$ cat target-v4.cif   # mmCIF, C-alpha atoms
data_my_file
#
loop_
_atom_site.group_PDB
_atom_site.id
_atom_site.type_symbol
_atom_site.label_atom_id
_atom_site.label_comp_id
_atom_site.auth_asym_id
_atom_site.auth_seq_id
_atom_site.Cartn_x
_atom_site.Cartn_y
_atom_site.Cartn_z
ATOM 1 C CA MET A 1 113.210 85.991 99.952
ATOM 2 C CA VAL A 2 109.562 85.621 100.844
ATOM 3 C CA ASN A 3 107.550 83.151 98.849
ATOM 4 C CA SER A 4 104.148 84.760 99.221
ATOM 5 C CA TYR A 5 103.114 87.003 96.372
ATOM 6 C CA VAL A 6 100.430 89.526 95.764
ATOM 7 C CA PRO A 7 99.450 89.802 92.085
ATOM 8 C CA LEU A 8 100.222 93.082 90.399
ATOM 9 C CA SER A 9 96.635 93.327 89.197
ATOM 10 C CA TYR A 10 95.399 93.598 92.801
ATOM 11 C CA TYR A 11 97.504 96.698 93.308
ATOM 12 C CA LEU A 12 96.320 98.157 90.030
ATOM 13 C CA LEU A 13 92.708 97.409 90.963
ATOM 14 C CA LEU A 14 93.097 99.214 94.295
ATOM 15 C CA SER A 15 94.856 102.093 92.567
ATOM 16 C CA GLY A 16 92.091 102.381 89.997
ATOM 17 C CA PHE A 17 89.466 102.299 92.721
ATOM 18 C CA LEU A 18 91.166 105.098 94.640
ATOM 19 C CA PHE A 19 91.459 107.179 91.469
ATOM 20 C CA ALA A 20 87.792 106.554 90.630
ATOM 21 C CA CYS A 21 86.724 107.568 94.148
ATOM 22 C CA GLY A 22 88.747 110.753 93.789
ATOM 23 C CA ALA A 23 87.174 111.517 90.417
ATOM 24 C CA VAL A 24 83.652 110.881 91.729
ATOM 25 C CA GLY A 25 84.310 113.062 94.768
ATOM 26 C CA PHE A 26 85.657 115.807 92.526
ATOM 27 C CA LEU A 27 82.423 115.715 90.549
ATOM 28 C CA ILE A 28 79.766 115.275 93.237
ATOM 29 C CA LYS A 29 81.182 117.227 96.167
ATOM 30 C CA ARG A 30 80.158 120.851 96.615
ATOM 31 C CA ASN A 31 82.549 121.921 99.342
ATOM 32 C CA ILE A 32 85.697 123.352 97.772
ATOM 33 C CA ILE A 33 87.969 121.851 100.440
ATOM 34 C CA THR A 34 86.501 118.376 99.911
ATOM 35 C CA ILE A 35 87.002 118.767 96.154
ATOM 36 C CA PHE A 36 90.615 119.572 96.873
ATOM 37 C CA MET A 37 90.947 116.474 99.049
ATOM 38 C CA SER A 38 89.518 114.381 96.198
ATOM 39 C CA ILE A 39 92.385 115.593 94.010
ATOM 40 C CA GLU A 40 94.820 114.392 96.674
ATOM 41 C CA LEU A 41 93.068 111.026 96.661
ATOM 42 C CA MET A 42 93.529 110.759 92.886
ATOM 43 C CA LEU A 43 97.231 111.569 93.260
ATOM 44 C CA ASN A 44 97.531 108.836 95.895
ATOM 45 C CA GLY A 45 95.929 106.307 93.571
ATOM 46 C CA VAL A 46 98.431 107.156 90.850
ATOM 47 C CA ASN A 47 101.292 106.917 93.343
ATOM 48 C CA LEU A 48 100.246 103.404 94.309
ATOM 49 C CA SER A 49 100.370 102.233 90.696
ATOM 50 C CA PHE A 50 103.776 103.917 90.302
ATOM 51 C CA VAL A 51 105.178 101.983 93.268
ATOM 52 C CA ALA A 52 103.534 98.731 92.159
ATOM 53 C CA PHE A 53 105.026 99.012 88.675
ATOM 54 C CA ALA A 54 108.390 99.990 90.140
ATOM 55 C CA ALA A 55 108.361 96.788 92.196
ATOM 56 C CA HIS A 56 107.151 94.749 89.264
ATOM 57 C CA TRP A 57 109.697 95.934 86.705
ATOM 58 C CA HIS A 58 112.503 96.313 89.261
ATOM 59 C CA ALA A 59 112.856 99.948 88.275
ATOM 60 C CA LEU A 60 113.628 102.234 91.157
ATOM 61 C CA ALA A 61 112.870 105.308 89.056
ATOM 62 C CA GLY A 62 109.176 104.733 89.762
ATOM 63 C CA GLN A 63 109.751 105.550 93.413
ATOM 64 C CA ILE A 64 111.577 108.739 92.421
ATOM 65 C CA PHE A 65 108.534 109.770 90.413
ATOM 66 C CA VAL A 66 106.373 109.194 93.490
ATOM 67 C CA PHE A 67 108.711 111.503 95.368
ATOM 68 C CA PHE A 68 108.267 114.202 92.721
ATOM 69 C CA VAL A 69 104.498 113.758 92.718
ATOM 70 C CA MET A 70 104.496 114.276 96.484
ATOM 71 C CA VAL A 71 106.560 117.456 96.163
ATOM 72 C CA VAL A 72 104.255 118.847 93.512
ATOM 73 C CA ALA A 73 101.226 117.860 95.612
ATOM 74 C CA ALA A 74 102.652 119.739 98.584
ATOM 75 C CA ALA A 75 103.184 122.858 96.490
ATOM 76 C CA GLU A 76 99.710 122.493 95.006
ATOM 77 C CA ALA A 77 98.135 122.091 98.460
ATOM 78 C CA ALA A 78 99.861 125.213 99.777
ATOM 79 C CA VAL A 79 98.849 127.406 96.845
ATOM 80 C CA GLY A 80 95.366 125.915 96.571
ATOM 81 C CA LEU A 81 94.570 126.371 100.243
ATOM 82 C CA ALA A 82 95.802 129.963 100.045
ATOM 83 C CA ILE A 83 93.434 130.509 97.118
ATOM 84 C CA ILE A 84 90.609 128.918 99.136
ATOM 85 C CA ILE A 85 91.324 131.275 102.042
ATOM 86 C CA SER A 86 91.247 134.297 99.761
ATOM 87 C CA ILE A 87 88.019 133.070 98.112
ATOM 88 C CA TYR A 88 86.436 132.655 101.529
ATOM 89 C CA ARG A 89 87.569 136.125 102.514
ATOM 90 C CA THR A 90 85.866 137.778 99.558
ATOM 91 C CA ARG A 91 82.747 135.592 99.231
ATOM 92 C CA GLU A 92 82.092 134.214 102.740
ATOM 93 C CA THR A 93 81.249 130.794 101.317
ATOM 94 C CA LEU A 94 82.952 127.526 100.432
ATOM 95 C CA ASP A 95 80.159 126.261 98.186
ATOM 96 C CA VAL A 96 81.354 126.000 94.604
ATOM 97 C CA ASP A 97 77.821 126.479 93.311
ATOM 98 C CA GLN A 98 77.942 130.020 94.636
ATOM 99 C CA VAL A 99 81.429 130.715 93.338
ATOM 100 C CA ASN A 100 80.510 131.042 89.692
ATOM 101 C CA LEU A 101 82.109 134.355 88.836
ATOM 102 C CA LEU A 102 85.789 134.971 88.308
ATOM 103 C CA LYS A 103 85.462 138.495 89.634
ATOM 104 C CA LEU A 104 83.084 139.953 92.131
ATOM 105 C CA MET B 1 100.587 86.486 104.947
ATOM 106 C CA HIS B 2 101.392 89.313 102.554
ATOM 107 C CA LEU B 3 98.091 88.792 100.828
ATOM 108 C CA LEU B 4 96.324 89.088 104.174
ATOM 109 C CA LEU B 5 98.192 92.296 104.960
ATOM 110 C CA PHE B 6 97.440 93.630 101.485
ATOM 111 C CA LEU B 7 93.745 92.885 101.959
ATOM 112 C CA ALA B 8 93.686 94.505 105.410
ATOM 113 C CA PHE B 9 95.365 97.720 104.253
ATOM 114 C CA GLY B 10 93.318 97.675 101.057
ATOM 115 C CA ALA B 11 90.106 97.382 103.060
ATOM 116 C CA VAL B 12 91.116 100.456 105.073
ATOM 117 C CA CYS B 13 91.868 102.294 101.797
ATOM 118 C CA VAL B 14 88.554 101.356 100.213
ATOM 119 C CA GLY B 15 86.533 102.113 103.334
ATOM 120 C CA GLY B 16 88.268 105.426 103.899
ATOM 121 C CA SER B 17 87.810 106.625 100.341
ATOM 122 C CA ILE B 18 84.124 105.657 100.357
ATOM 123 C CA ASN B 19 83.745 107.408 103.708
ATOM 124 C CA LEU B 20 85.343 110.512 102.175
ATOM 125 C CA LEU B 21 82.588 110.562 99.577
ATOM 126 C CA VAL B 22 79.739 109.831 101.983
ATOM 127 C CA GLN B 23 80.574 112.242 104.783
ATOM 128 C CA LYS B 24 78.987 115.661 104.669
ATOM 129 C CA HIS B 25 81.355 117.496 106.973
ATOM 130 C CA PRO B 26 84.811 118.297 105.550
ATOM 131 C CA ILE B 27 86.610 117.450 108.792
ATOM 132 C CA ASN B 28 85.282 113.870 108.631
ATOM 133 C CA SER B 29 86.419 113.632 105.020
ATOM 134 C CA ALA B 30 89.863 114.916 106.003
ATOM 135 C CA LEU B 31 90.227 112.365 108.793
ATOM 136 C CA SER B 32 89.196 109.483 106.527
ATOM 137 C CA LEU B 33 91.698 110.724 103.933
ATOM 138 C CA ILE B 34 94.405 110.551 106.608
ATOM 139 C CA ALA B 35 93.385 106.936 107.256
ATOM 140 C CA VAL B 36 93.640 106.183 103.524
ATOM 141 C CA MET B 37 97.119 107.701 103.345
ATOM 142 C CA ALA B 38 98.356 105.791 106.383
ATOM 143 C CA ALA B 39 97.032 102.534 104.925
ATOM 144 C CA LEU B 40 98.721 103.348 101.608
ATOM 145 C CA ALA B 41 101.995 103.711 103.500
ATOM 146 C CA GLY B 42 101.454 100.122 104.660
ATOM 147 C CA GLU B 43 100.951 99.049 101.044
ATOM 148 C CA TYR B 44 104.206 100.754 100.077
ATOM 149 C CA LEU B 45 105.970 98.846 102.832
ATOM 150 C CA LEU B 46 104.537 95.610 101.430
ATOM 151 C CA LEU B 47 105.955 96.587 98.030
ATOM 152 C CA GLY B 48 109.388 97.072 99.530
ATOM 153 C CA ALA B 49 109.418 100.846 99.226
ATOM 154 C CA GLU B 50 110.449 101.873 102.728
ATOM 155 C CA PHE B 51 111.554 105.360 101.812
ATOM 156 C CA VAL B 52 108.332 106.153 99.971
ATOM 157 C CA ALA B 53 106.315 104.798 102.892
ATOM 158 C CA ALA B 54 108.148 107.051 105.350
ATOM 159 C CA VAL B 55 107.765 110.083 103.110
ATOM 160 C CA GLN B 56 104.092 109.226 102.643
ATOM 161 C CA VAL B 57 103.482 109.302 106.385
ATOM 162 C CA ILE B 58 105.613 112.379 107.057
ATOM 163 C CA VAL B 59 104.694 114.557 104.087
ATOM 164 C CA TYR B 60 101.210 113.423 103.087
ATOM 165 C CA ALA B 61 99.558 112.235 106.287
ATOM 166 C CA GLY B 62 101.596 114.674 108.354
ATOM 167 C CA ALA B 63 102.233 117.956 106.616
ATOM 168 C CA ILE B 64 99.657 118.227 103.851
ATOM 169 C CA MET B 65 96.710 116.900 105.836
ATOM 170 C CA VAL B 66 97.569 119.091 108.819
ATOM 171 C CA LEU B 67 97.412 122.021 106.402
ATOM 172 C CA PHE B 68 93.969 120.848 105.273
ATOM 173 C CA VAL B 69 92.692 120.429 108.818
ATOM 174 C CA PHE B 70 94.054 123.843 109.768
ATOM 175 C CA VAL B 71 92.245 125.484 106.868
ATOM 176 C CA ILE B 72 89.001 123.650 107.642
ATOM 177 C CA MET B 73 89.118 124.838 111.237
ATOM 178 C CA LEU B 74 90.291 128.334 110.292
ATOM 179 C CA LEU B 75 87.408 128.855 107.906
ATOM 180 C CA ASN B 76 84.973 127.096 110.241
ATOM 181 C CA ALA B 77 83.651 125.013 107.365
ATOM 182 C CA GLY B 78 80.213 123.602 108.081
ATOM 183 C CA VAL B 79 78.102 120.852 106.643
ATOM 184 C CA GLU B 80 77.908 121.159 102.894
ATOM 185 C CA GLU B 81 74.646 121.721 101.120
ATOM 186 C CA GLY B 82 73.559 119.206 98.528
ATOM 187 C CA THR B 83 73.706 120.190 94.937
ATOM 188 C CA LYS B 84 70.643 120.751 92.846
ATOM 189 C CA GLY B 85 71.705 117.898 90.627
ATOM 190 C CA SER B 86 71.662 117.812 86.874
ATOM 191 C CA ARG B 87 69.726 115.628 84.495
ATOM 192 C CA VAL B 88 72.606 115.422 82.031
ATOM 193 C CA ALA B 89 74.867 113.978 84.702
ATOM 194 C CA VAL B 90 72.381 111.192 85.449
ATOM 195 C CA LEU B 91 71.689 110.490 81.770
ATOM 196 C CA LEU B 92 75.351 110.374 80.787
ATOM 197 C CA GLY B 93 76.949 109.312 84.042
ATOM 198 C CA ILE B 94 75.235 105.989 84.727
ATOM 199 C CA PRO B 95 75.809 104.502 81.233
ATOM 200 C CA GLY B 96 79.334 105.889 81.275
ATOM 201 C CA MET B 97 80.043 104.330 84.646
ATOM 202 C CA LEU B 98 78.590 100.986 83.535
ATOM 203 C CA THR B 99 80.750 101.082 80.418
ATOM 204 C CA GLY B 100 83.841 101.830 82.461
ATOM 205 C CA VAL B 101 83.142 99.040 84.949
ATOM 206 C CA LEU B 102 82.470 96.542 82.152
ATOM 207 C CA LEU B 103 85.682 97.588 80.393
ATOM 208 C CA ALA B 104 87.658 97.180 83.612
ATOM 209 C CA VAL B 105 86.146 93.750 84.270
ATOM 210 C CA TRP B 106 86.855 92.674 80.700
ATOM 211 C CA VAL B 107 90.480 93.766 80.969
ATOM 212 C CA MET B 108 90.850 92.019 84.314
ATOM 213 C CA VAL B 109 89.372 88.776 83.001
ATOM 214 C CA ARG B 110 91.267 88.895 79.734
ATOM 215 C CA HIS B 111 94.625 89.648 81.294
ATOM 216 C CA SER B 112 94.155 87.840 84.566
ATOM 217 C CA GLY B 113 97.582 88.287 86.056
ATOM 218 C CA THR B 114 99.751 85.297 86.574
ATOM 219 C CA GLU B 115 102.772 87.489 87.170
ATOM 220 C CA SER B 116 103.128 88.624 90.749
ATOM 221 C CA VAL B 117 105.029 91.192 92.691
ATOM 222 C CA PRO B 118 107.805 89.489 94.603
ATOM 223 C CA ILE B 119 107.864 91.113 97.992
ATOM 224 C CA GLY B 120 111.193 92.463 99.074
ATOM 225 C CA ALA B 121 112.865 91.763 95.747
ATOM 226 C CA LEU B 122 113.424 95.413 95.018
ATOM 227 C CA PRO B 123 116.465 97.099 96.524
ATOM 228 C CA GLY B 124 114.497 100.063 97.806
ATOM 229 C CA HIS B 125 117.090 101.218 100.302
ATOM 230 C CA PRO B 126 117.373 104.955 100.840
ATOM 231 C CA LYS B 127 120.972 104.682 99.604
ATOM 232 C CA ASP B 128 119.904 103.500 96.141
ATOM 233 C CA ILE B 129 117.137 106.081 96.051
ATOM 234 C CA ALA B 130 119.582 108.814 96.986
ATOM 235 C CA ARG B 131 121.966 107.742 94.236
ATOM 236 C CA LEU B 132 119.165 108.007 91.691
ATOM 237 C CA LEU B 133 117.792 111.225 93.114
ATOM 238 C CA PHE B 134 121.047 113.137 93.414
ATOM 239 C CA HIS B 135 122.754 111.715 90.360
ATOM 240 C CA ASP B 136 120.357 110.746 87.598
ATOM 241 C CA PHE B 137 117.495 113.023 88.539
ATOM 242 C CA LEU B 138 119.505 115.964 89.832
ATOM 243 C CA LEU B 139 118.047 118.544 87.463
ATOM 244 C CA PRO B 140 114.374 117.665 88.192
ATOM 245 C CA PHE B 141 115.225 117.678 91.894
ATOM 246 C CA GLU B 142 116.614 121.209 91.701
ATOM 247 C CA VAL B 143 113.698 122.360 89.559
ATOM 248 C CA THR B 144 111.192 121.037 92.102
ATOM 249 C CA SER B 145 113.040 122.870 94.870
ATOM 250 C CA VAL B 146 112.591 126.104 92.912
ATOM 251 C CA LEU B 147 108.927 125.160 92.418
ATOM 252 C CA ILE B 148 108.479 124.699 96.176
ATOM 253 C CA LEU B 149 110.094 128.085 96.818
ATOM 254 C CA ILE B 150 107.749 129.781 94.348
ATOM 255 C CA ALA B 151 104.769 127.956 95.871
ATOM 256 C CA ILE B 152 105.695 129.140 99.374
ATOM 257 C CA MET B 153 105.934 132.753 98.205
ATOM 258 C CA GLY B 154 102.702 132.443 96.250
ATOM 259 C CA ALA B 155 100.864 130.988 99.232
ATOM 260 C CA VAL B 156 102.079 133.793 101.493
ATOM 261 C CA VAL B 157 101.072 136.467 98.988
ATOM 262 C CA LEU B 158 97.674 134.901 98.283
ATOM 263 C CA ALA B 159 96.715 134.210 101.875
ATOM 264 C CA SER B 160 97.873 137.486 103.375
ATOM 265 C CA LYS B 161 95.309 140.166 103.970
ATOM 266 C CA PRO B 162 95.061 142.820 101.250
ATOM 267 C CA GLU B 163 95.960 145.561 103.762
ATOM 268 C CA SER B 164 99.233 143.912 104.646
ATOM 269 C CA THR B 165 100.573 143.664 101.099
ATOM 270 C CA GLY B 166 101.962 147.163 101.303
ATOM 271 C CA ARG B 167 99.257 148.913 99.359
ATOM 272 C CA LYS B 168 98.355 152.274 100.764
ATOM 273 C CA VAL B 169 94.754 153.370 100.648
ATOM 274 C CA ASN B 170 95.127 157.076 99.898
#

$ encode --input "target-v4.cif" --output "C-alpha cells"
Amino acid sequence: MVNSYVPLSYYLLLSGFLFACGAVGFLIKRNIITIFMSIELMLNGVNLSFVAFAAHWHALAGQIFVFFVMVVAAAEAAVGLAIIISIYRTRETLDVDQVNLLKL
Amino acid sequence: MHLLLFLAFGAVCVGGSINLLVQKHPINSALSLIAVMAALAGEYLLLGAEFVAAVQVIVYAGAIMVLFVFVIMLLNAGVEEGTKGSRVAVLLGIPGMLTGVLLAVWVMVRHSGTESVPIGALPGHPKDIARLLFHDFLLPFEVTSVLILIAIMGAVVLASKPESTGRKVN
C-alpha cells in the first residue's frame, strides 16, 4: 500500500528507551506521584512494543492486549492515587524517604 | 515519509521522557508525560492501529493524566527534595547500566533488522478489533470490567475521609 517502511527494531529501540526511562524515574524520583507516573511510562513502553509486534506478525491480538493493559492501568491509577491521597492525609508529605513505616 | 514521521514522534517521546526525569516539580513531569502519550498515539497511527491510538488519547492522555493532574493540584505538591543518595546505587548502578547498554548495542548490531513493518498492512479496523474483543477475548473482557468495578469501589473507600465511612466515634 505504502512502500516506505520503518524497521521493527526502531520501534523496539524506542520502546526499550521509554521503559528504561520509566525504570530510572522509578528509582531516582522521590515524589510518590512522579514515581507513579514513571510506572505509567513503563506501561506505555511495553504497549508500543505490543503494537509494533502486532503489526509485524499481522496478529491483531497484540492490540487487544494493549487494550487490556490500558484498562488495568486505569484501575491501577485510580486505586494508587486514592492510596496517595490517604497517605498524604495521615503523613502530610509526598516524599517516599519519609514514608518508611507501614503504620504510624 | 513514514520514517520522518516516526523520527518526529519518537523525538517528542524521547524528549518528554527525559524531561519527566529532569523536572523537579510533579506538574511539569505530568505535562511532559501527556506529551509522550500523545506522541505515542501518533506512533500507533503509523503502525496502523487506529483504535489503539484513539483509546490512547482518550483514556491515557485524557482520563488517567487528568486524574494525575487533579491529585497533584489537590495535594498541592511542591518541588521535591533530592535524595541523600546511596553509595551502593552508584557502585552497582553505573556498571550495571554500562552492561545493559553494551548488551543492547550488541543485540542491535548482531540482529540488525532487515525485516520492516509494512505500514497500513494490518487490518486494524475497529470492526476486526471488536470481533476479537467480543468473541475470542470475551471472558477476559468481562473479568476486566469486574476489575474496574472493584477498583472504583476501592478508590472511593480509600480516598474518602475516615469520618464519612460510617464509623461512629462513641

$ closest_residue --input "target-v4.cif" --among "A:Tyr88, A:Phe53, A:Phe68, A:Phe36" --to "Pro7 in chain A" --atoms "all atoms listed in the file"
A:Phe53

$ residues_around --input "target-v4.cif" --residues "range 27-32 of chain A" --least-positions-apart "4" --cutoff "12 Å" --atoms "all atoms listed in the file" --output "MDAnalysis selection string"
(chainID A and resid 20:23 36:39 80:81 83:85 87:88 93:99) or (chainID B and resid 20:27 29 68 71:72 75 77:86 89:90 93)

$ atom_distance --input "target-v4.cif" --atom1 "CA of Val51 in chain A" --atom2 "CA of Met37 in chain B"
14.1 Å

$ closest_residue --input "target-v4.cif" --among "A:Arg89, A:Gly62, A:Leu8, A:Phe19" --to "chain B" --atoms "only C-alpha atoms"
A:Leu8

$ residues_around --input "target-v4.cif" --residues "range 11-16 of chain A" --least-positions-apart "4" --cutoff "7 Å" --atoms "all atoms listed in the file" --output "count of residues only"
7

$ closest_residue --input "target-v4.cif" --among "B:Val66, B:Leu33, B:Val88, B:Val12" --to "chain A" --atoms "only C-alpha atoms"
B:Leu33

$ closest_residue --input "target-v4.cif" --among "A:Phe65, A:Leu43, A:Phe50, A:Ser9" --to "chain B" --atoms "only C-alpha atoms"
A:Ser9

$ residues_around --input "target-v4.cif" --residues "Leu133 in chain B" --least-positions-apart "5" --cutoff "12 Å" --atoms "all atoms listed in the file" --output "PDB file with C-alpha atoms, keeping the file's coordinate frame"
ATOM      1  CA  LEU A  60     113.628 102.234  91.157  1.00  0.00           C
ATOM      2  CA  ALA A  61     112.870 105.308  89.056  1.00  0.00           C
ATOM      3  CA  GLY A  62     109.176 104.733  89.762  1.00  0.00           C
ATOM      4  CA  GLN A  63     109.751 105.550  93.413  1.00  0.00           C
ATOM      5  CA  ILE A  64     111.577 108.739  92.421  1.00  0.00           C
ATOM      6  CA  PHE A  65     108.534 109.770  90.413  1.00  0.00           C
ATOM      7  CA  VAL A  66     106.373 109.194  93.490  1.00  0.00           C
ATOM      8  CA  PHE A  67     108.711 111.503  95.368  1.00  0.00           C
ATOM      9  CA  PHE A  68     108.267 114.202  92.721  1.00  0.00           C
TER      10      PHE A  68
ATOM     11  CA  PRO B 126     117.373 104.955 100.840  1.00  0.00           C
ATOM     12  CA  LYS B 127     120.972 104.682  99.604  1.00  0.00           C
ATOM     13  CA  ASP B 128     119.904 103.500  96.141  1.00  0.00           C
ATOM     14  CA  LEU B 138     119.505 115.964  89.832  1.00  0.00           C
ATOM     15  CA  LEU B 139     118.047 118.544  87.463  1.00  0.00           C
ATOM     16  CA  PRO B 140     114.374 117.665  88.192  1.00  0.00           C
ATOM     17  CA  PHE B 141     115.225 117.678  91.894  1.00  0.00           C
ATOM     18  CA  GLU B 142     116.614 121.209  91.701  1.00  0.00           C
ATOM     19  CA  THR B 144     111.192 121.037  92.102  1.00  0.00           C
TER      20      THR B 144
END

$ closest_residue --input "target-v4.cif" --among "B:Ala130, B:Leu102, B:Ala151, B:Ala41" --to "chain A" --atoms "all atoms listed in the file"
B:Ala151

$ atom_distance --input "target-v4.cif" --atom1 "CA of Ala49 in chain B" --atom2 "CA of Ile35 in chain A"
28.9 Å

$ atom_distance --input "target-v4.cif" --atom1 "CA of Gly25 in chain A" --atom2 "CA of Val36 in chain B"
14.5 Å

$ resolve_selection --input "target-v4.cif" --expression "the PyMOL selection byres ((chain B and resi 35) around 9)" --output "number ranges by chain"
B: 12-13, 16-17, 30-34, 36-40, 61

$ closest_residue --input "target-v4.cif" --among "A:Trp57, A:Ala82, A:Glu92, A:Asn47" --to "chain B" --atoms "all atoms listed in the file"
A:Ala82

$ resolve_selection --input "target-v4.cif" --expression "the PyMOL selection byres ((chain B and resi 2) around 8)" --output "list in words"
Ser4, Tyr5 and Val6 of chain A; Met1, Leu3, Leu4, Leu5, Phe6 and Leu46 of chain B

$ residues_around --input "target-v4.cif" --residues "range 70-74 of chain A" --least-positions-apart "6" --cutoff "9 Å" --atoms "all atoms listed in the file" --output "list in words"
Glu40, Leu43, Asn44 and Asn47 of chain A; Val55, Gln56, Val59, Tyr60, Ala63, Ile64, Thr144, Ser145, Leu147, Ile148 and Ala151 of chain B

$ axis_aligned_box --input "target-v4.cif" --around "range 40-43 of chain A" --padding-each-side "6 Å" --output "JSON"
{"center_x": 95.1, "center_y": 112.6, "center_z": 94.8, "size_x": 16.2, "size_y": 15.6, "size_z": 15.8}
